[in-house]
Amino acid sequence: MTEPADGRGALLFSARGVGKAFGPNVLFKDASLDVYTGETLAIIGESGSGKSVFLKMLIGLLETDEGEILFKGDRIGDMDSDGLQKLHRQVGYVFQNDALFDSMPIVENVGYAMREHTNASDEEIRARAKVCIEMVGLKQHVLDLYPASLSGGMRKRAALARAIAIKPEVILYDEPTQGLDPQNITRIAEMIEALQSDLEVTSVVVTHDLRTAFGVSNRIVMLHDQRFQYEGTPEEMMMSSETAVREFIDEAMDELRELFENGSQGSELPTAPEPAPSA
Ligand SMILES: Nc1ncnc2c1ncn2[C@@H]1O[C@H](COP(=O)(O)OP(=O)(O)OP(=O)(O)O)[C@@H](O)[C@H]1O
Ligand SMILES: [Mg+2]
């Protein structure tokens, strides 16, 4: 692993010259992106631009057509099933659609990776599931329910609990706050931050939600025109004069405003300048 001298952590993921298309639908062309240990990187970009596909390529669920993606220096494309297992022990993944197993109660869903990758006992799994369920703001009784009897927002949070259960080094979040109400958006954003500061987890967060993208990340990159373009700190991105970035931010601001106006009391809207009261 390379240890850069510029204060960044070691290189964790490195995507180089990646190309990916589904038939005529070209999603990536010579796209490159590095992820460093300890950072929280937010990926923003239009719907349909390929953000979910990119996360799936990072964990070997989808293959690149061109270029390569390395994890700690190893090519993901060259990993056999043992190599991928090892990768999945280190990398937690929150799917955009929660992808819980319908036939298993939540405790088994959350404990799934512990069953797969560790020798944890039933008691240990249940104890860990309890902690994780609490972190995402769900009540303990949820552990014995099946996914079908949970609301969309509860399922989303159960999926988050599942991703953090084995204390992975890296967590990939695909729209972790989609469909949640303002309180839970704040809670999940705080959880992502807490995981980063307490456990030094590296996070990659794909999100449309500005509260999450700008509130929890150290760095934001925008996927645009098949490549990762326009990167910067949240402050730099907020001030960016690039048209694509401005359009994305302005649109997301409108969505956010709408959500908070329709949402419940007690949540703060990050930046909604009050017009000066007319005398
Ligand atoms: N397995 C697949 N086979 C064919 N096309 C696919 C497949 N997976 C994704 N696509 C297509 O790739 C494009 C990008 O999809 P992706 O889900 O990555 O977008 P996204 O940036 O995550 O969008 P959103 O913000 O709406 O979640 C879409 O046009 C989608 O239909
Ligand atoms: Mg997506």
# chains A, B, ... in the order shown; residues from 1 in each chain; ligands from 1
call {"tool": "closest_atom_pairs", "arguments": {"of": "region 132-175 of chain A", "to": "region 31-46 of chain A", "cutoff": "10 Å", "atoms": "only C-alpha atoms", "output": "Markdown table"}}
result
| residue | atom | partner | partner_atom | distance |
| --- | --- | --- | --- | --- |
| A:Glu169 | CA | A:Thr37 | CA | 8.7 |
| A:Val170 | CA | A:Thr37 | CA | 8.3 |
| A:Ile171 | CA | A:Thr40 | CA | 9.4 |
| A:Leu172 | CA | A:Leu41 | CA | 9.6 |
| A:Tyr173 | CA | A:Ala42 | CA | 9.3 |
| A:Asp174 | CA | A:Ile43 | CA | 9.5 |
| A:Glu175 | CA | A:Ile43 | CA | 10.0 |
call {"tool": "residues_around", "arguments": {"residues": "Gly152 (chain A)", "least_positions_apart": "4", "cutoff": "12 Å", "atoms": "only C-alpha atoms", "output": "PyMOL selection string"}}
result
chain A and resi 96-100+147-148+156-159+177-181
call {"tool": "closest_atom_pairs", "arguments": {"of": "chain A", "to": "ligand 1", "cutoff": "6 Å", "atoms": "only C-alpha atoms and all ligand atoms", "output": "CSV"}}
result
residue,atom,partner,partner_atom_place_in_ligand_line,distance
A:Phe22,CA,ligand 1,4 (C),5.1
A:Glu46,CA,ligand 1,25 (O),5.9
A:Ser47,CA,ligand 1,25 (O),3.4
A:Gly48,CA,ligand 1,19 (O),3.5
A:Ser49,CA,ligand 1,21 (O),4.0
A:Gly50,CA,ligand 1,18 (O),3.1
A:Lys51,CA,ligand 1,21 (O),3.8
A:Ser52,CA,ligand 1,18 (O),3.7
A:Val53,CA,ligand 1,18 (O),3.8
call {"tool": "atom_distance", "arguments": {"atom1": "CA of Ala127 (chain A)", "atom2": "CA of Leu160 (chain A)"}}
result
16.4 Å
call {"tool": "residues_around", "arguments": {"residues": "Ala163 (chain A)", "least_positions_apart": "6", "cutoff": "8 Å", "atoms": "only C-alpha atoms", "output": "PyMOL selection string"}}
result
chain A and resi 92-94+110+171
call {"tool": "select_by_dssp", "arguments": {"residues": "region 29-276 of chain A", "states": "strand (DSSP E or B)", "output": "ChimeraX atom specification"}}
result
/A:29-36,40-45,66-71,74-75,91-94,170-174,202-206,219-224,227-232
call {"tool": "write_last_selection", "arguments": {"atoms": "C-alpha atoms", "output": "JSON list (two decimals), in the first residue's frame"}}
result
[["chain", "number", "residue", "atom", "x", "y", "z"],
["A", 29, "LYS", "CA", -15.17, 6.01, -19.76],
["A", 30, "ASP", "CA", -11.60, 6.28, -18.48],
["A", 31, "ALA", "CA", -12.90, 7.04, -14.98],
["A", 32, "SER", "CA", -10.45, 7.16, -12.08],
["A", 33, "LEU", "CA", -11.00, 7.60, -8.38],
["A", 34, "ASP", "CA", -8.94, 6.94, -5.26],
["A", 35, "VAL", "CA", -10.33, 6.32, -1.79],
["A", 36, "TYR", "CA", -8.02, 6.87, 1.19],
["A", 40, "THR", "CA", -15.49, 9.86, 4.30],
["A", 41, "LEU", "CA", -15.93, 10.38, 0.61],
["A", 42, "ALA", "CA", -19.29, 11.44, -0.78],
["A", 43, "ILE", "CA", -20.12, 10.66, -4.39],
["A", 44, "ILE", "CA", -22.79, 12.82, -5.94],
["A", 45, "GLY", "CA", -24.21, 12.80, -9.45],
["A", 66, "GLU", "CA", -11.88, -1.63, -19.08],
["A", 67, "GLY", "CA", -9.33, -0.46, -16.56],
["A", 68, "GLU", "CA", -8.93, -1.88, -13.09],
["A", 69, "ILE", "CA", -10.00, -1.42, -9.51],
["A", 70, "LEU", "CA", -7.55, -2.21, -6.73],
["A", 71, "PHE", "CA", -8.29, -2.81, -3.06],
["A", 74, "ASP", "CA", -4.97, -6.20, -5.20],
["A", 75, "ARG", "CA", -6.96, -6.22, -8.42],
["A", 91, "VAL", "CA", -16.10, -3.94, 3.35],
["A", 92, "GLY", "CA", -19.68, -3.40, 4.55],
["A", 93, "TYR", "CA", -22.22, -2.52, 1.89],
["A", 94, "VAL", "CA", -25.60, -0.86, 2.21],
["A", 170, "VAL", "CA", -14.82, 0.29, 5.00],
["A", 171, "ILE", "CA", -18.52, 0.93, 4.56],
["A", 172, "LEU", "CA", -20.09, 1.70, 1.20],
["A", 173, "TYR", "CA", -23.43, 3.42, 1.62],
["A", 174, "ASP", "CA", -25.76, 3.67, -1.35],
["A", 202, "THR", "CA", -13.49, 4.60, 5.90],
["A", 203, "SER", "CA", -16.77, 5.49, 4.24],
["A", 204, "VAL", "CA", -17.95, 6.01, 0.71],
["A", 205, "VAL", "CA", -21.38, 7.58, 0.68],
["A", 206, "VAL", "CA", -23.46, 7.86, -2.46],
["A", 219, "ARG", "CA", -14.28, 15.14, 0.32],
["A", 220, "ILE", "CA", -16.93, 15.16, -2.36],
["A", 221, "VAL", "CA", -16.58, 13.99, -5.96],
["A", 222, "MET", "CA", -19.14, 14.38, -8.66],
["A", 223, "LEU", "CA", -19.74, 11.72, -11.27],
["A", 224, "HIS", "CA", -20.49, 13.56, -14.49],
["A", 227, "ARG", "CA", -15.99, 10.29, -15.17],
["A", 228, "PHE", "CA", -15.32, 11.48, -11.67],
["A", 229, "GLN", "CA", -14.95, 15.18, -12.15],
["A", 230, "TYR", "CA", -15.06, 18.11, -9.82],
["A", 231, "GLU", "CA", -13.78, 17.13, -6.44],
["A", 232, "GLY", "CA", -13.19, 19.16, -3.36]]
call {"tool": "atom_distance", "arguments": {"atom1": "CA of Glu193 (chain A)", "atom2": "CA of Phe214 (chain A)"}}
result
11.6 Å
call {"tool": "decode", "arguments": {"residues": "region 14-164 of chain A", "atoms": "C-alpha atoms", "output": "compact mmCIF listing (two decimals), in the first residue's frame"}}
result
# COMPACT_ATOMS: atom_id res chain seq x y z
CA SER A 14 -8.01 2.81 -6.55
CA ALA A 15 -10.09 2.82 -9.72
CA ARG A 16 -7.99 3.48 -12.80
CA GLY A 17 -9.18 4.12 -16.31
CA VAL A 18 -12.45 2.32 -15.69
CA GLY A 19 -14.86 1.76 -18.56
CA LYS A 20 -18.30 0.25 -18.13
CA ALA A 21 -21.28 0.04 -20.44
CA PHE A 22 -24.51 -1.91 -20.63
CA GLY A 23 -25.02 -2.23 -24.39
CA PRO A 24 -25.22 1.28 -25.80
CA ASN A 25 -25.58 2.76 -22.31
CA VAL A 26 -22.03 3.97 -21.57
CA LEU A 27 -21.71 4.73 -17.87
CA PHE A 28 -17.94 5.05 -17.38
CA LYS A 29 -15.17 6.01 -19.76
CA ASP A 30 -11.60 6.28 -18.48
CA ALA A 31 -12.90 7.04 -14.98
CA SER A 32 -10.45 7.16 -12.08
CA LEU A 33 -11.00 7.60 -8.38
CA ASP A 34 -8.94 6.94 -5.26
CA VAL A 35 -10.33 6.32 -1.79
CA TYR A 36 -8.02 6.87 1.19
CA THR A 37 -8.06 5.16 4.57
CA GLY A 38 -9.99 7.11 7.18
CA GLU A 39 -11.79 9.48 4.88
CA THR A 40 -15.49 9.86 4.30
CA LEU A 41 -15.93 10.38 0.61
CA ALA A 42 -19.29 11.44 -0.78
CA ILE A 43 -20.12 10.66 -4.39
CA ILE A 44 -22.79 12.82 -5.94
CA GLY A 45 -24.21 12.80 -9.45
CA GLU A 46 -27.37 12.67 -11.48
CA SER A 47 -29.80 9.80 -11.18
CA GLY A 48 -28.82 7.08 -13.64
CA SER A 49 -25.21 8.25 -13.96
CA GLY A 50 -23.85 4.98 -12.57
CA LYS A 51 -23.18 5.60 -8.88
CA SER A 52 -24.72 2.33 -7.73
CA VAL A 53 -22.96 0.46 -10.52
CA PHE A 54 -19.67 1.95 -9.37
CA LEU A 55 -20.16 0.76 -5.78
CA LYS A 56 -20.97 -2.71 -7.10
CA MET A 57 -17.72 -2.69 -9.10
CA LEU A 58 -15.83 -1.72 -5.93
CA ILE A 59 -16.89 -4.95 -4.24
CA GLY A 60 -16.70 -7.16 -7.29
CA LEU A 61 -20.45 -7.62 -7.79
CA LEU A 62 -20.07 -6.17 -11.26
CA GLU A 63 -16.99 -6.32 -13.48
CA THR A 64 -15.33 -3.40 -15.20
CA ASP A 65 -15.13 -3.58 -19.01
CA GLU A 66 -11.88 -1.63 -19.08
CA GLY A 67 -9.33 -0.46 -16.56
CA GLU A 68 -8.93 -1.88 -13.09
CA ILE A 69 -10.00 -1.42 -9.51
CA LEU A 70 -7.55 -2.21 -6.73
CA PHE A 71 -8.29 -2.81 -3.06
CA LYS A 72 -5.16 -2.47 -0.92
CA GLY A 73 -3.16 -3.02 -4.07
CA ASP A 74 -4.97 -6.20 -5.20
CA ARG A 75 -6.96 -6.22 -8.42
CA ILE A 76 -10.58 -6.97 -7.64
CA GLY A 77 -11.02 -8.39 -11.14
CA ASP A 78 -8.41 -11.07 -10.36
CA MET A 79 -9.91 -12.19 -7.05
CA ASP A 80 -11.25 -15.72 -6.79
CA SER A 81 -14.14 -16.51 -4.46
CA ASP A 82 -11.78 -16.68 -1.44
CA GLY A 83 -10.36 -13.30 -2.35
CA LEU A 84 -13.84 -11.83 -2.69
CA GLN A 85 -14.89 -13.35 0.66
CA LYS A 86 -11.90 -11.69 2.27
CA LEU A 87 -12.84 -8.40 0.61
CA HIS A 88 -16.42 -8.70 1.86
CA ARG A 89 -15.21 -9.27 5.42
CA GLN A 90 -13.53 -5.89 5.30
CA VAL A 91 -16.10 -3.94 3.35
CA GLY A 92 -19.68 -3.40 4.55
CA TYR A 93 -22.22 -2.52 1.89
CA VAL A 94 -25.60 -0.86 2.21
CA PHE A 95 -27.58 -1.52 -0.95
CA GLN A 96 -29.80 1.22 -2.32
CA ASN A 97 -32.83 -1.04 -2.13
CA ASP A 98 -32.34 -2.49 1.32
CA ALA A 99 -31.95 -6.08 0.02
CA LEU A 100 -32.82 -7.77 3.31
CA PHE A 101 -33.50 -11.50 3.28
CA ASP A 102 -37.28 -11.81 3.53
CA SER A 103 -37.13 -15.30 5.03
CA MET A 104 -35.01 -14.25 8.01
CA PRO A 105 -35.95 -12.20 11.07
CA ILE A 106 -34.05 -8.94 11.49
CA VAL A 107 -31.68 -10.43 14.06
CA GLU A 108 -30.51 -12.97 11.46
CA ASN A 109 -30.34 -10.32 8.75
CA VAL A 110 -28.18 -8.09 10.90
CA GLY A 111 -26.09 -11.04 12.04
CA TYR A 112 -25.73 -12.51 8.56
CA ALA A 113 -22.13 -11.43 7.99
CA MET A 114 -21.18 -12.57 11.50
CA ARG A 115 -22.53 -16.04 10.66
CA GLU A 116 -20.73 -16.03 7.32
CA HIS A 117 -17.40 -14.65 8.38
CA THR A 118 -16.94 -15.35 12.11
CA ASN A 119 -17.53 -18.12 14.65
CA ALA A 120 -19.84 -15.96 16.77
CA SER A 121 -22.42 -17.80 18.90
CA ASP A 122 -26.17 -17.09 18.77
CA GLU A 123 -25.83 -15.01 21.94
CA GLU A 124 -22.97 -12.99 20.55
CA ILE A 125 -24.85 -12.38 17.32
CA ARG A 126 -27.95 -11.26 19.17
CA ALA A 127 -25.94 -8.98 21.45
CA ARG A 128 -24.19 -7.36 18.51
CA ALA A 129 -27.47 -7.06 16.57
CA LYS A 130 -29.00 -5.26 19.58
CA VAL A 131 -26.20 -2.70 19.61
CA CYS A 132 -26.40 -2.13 15.86
CA ILE A 133 -30.20 -1.85 15.88
CA GLU A 134 -29.94 0.78 18.59
CA MET A 135 -27.33 2.73 16.65
CA VAL A 136 -29.73 3.15 13.74
CA GLY A 137 -32.58 4.16 16.04
CA LEU A 138 -34.73 1.03 15.90
CA LYS A 139 -36.44 -0.60 18.88
CA GLN A 140 -35.28 -3.97 20.21
CA HIS A 141 -38.54 -5.77 19.41
CA VAL A 142 -37.75 -5.28 15.73
CA LEU A 143 -35.07 -7.98 16.05
CA ASP A 144 -37.68 -10.73 15.98
CA LEU A 145 -39.78 -9.31 13.17
CA TYR A 146 -39.47 -10.25 9.51
CA PRO A 147 -38.60 -7.58 6.92
CA ALA A 148 -42.13 -7.70 5.47
CA SER A 149 -43.57 -6.26 8.66
CA LEU A 150 -41.22 -3.26 8.72
CA SER A 151 -41.85 0.09 7.06
CA GLY A 152 -39.54 1.21 4.25
CA GLY A 153 -37.61 3.51 6.56
CA MET A 154 -37.22 0.77 9.17
CA ARG A 155 -35.96 -1.67 6.55
CA LYS A 156 -33.45 0.91 5.37
CA ARG A 157 -32.15 1.28 8.91
CA ALA A 158 -32.04 -2.49 9.44
CA ALA A 159 -29.90 -2.70 6.28
CA LEU A 160 -27.55 -0.11 7.77
CA ALA A 161 -27.37 -2.12 10.98
CA ARG A 162 -26.47 -5.19 8.93
CA ALA A 163 -23.62 -3.38 7.17
CA ILE A 164 -21.97 -2.26 10.42
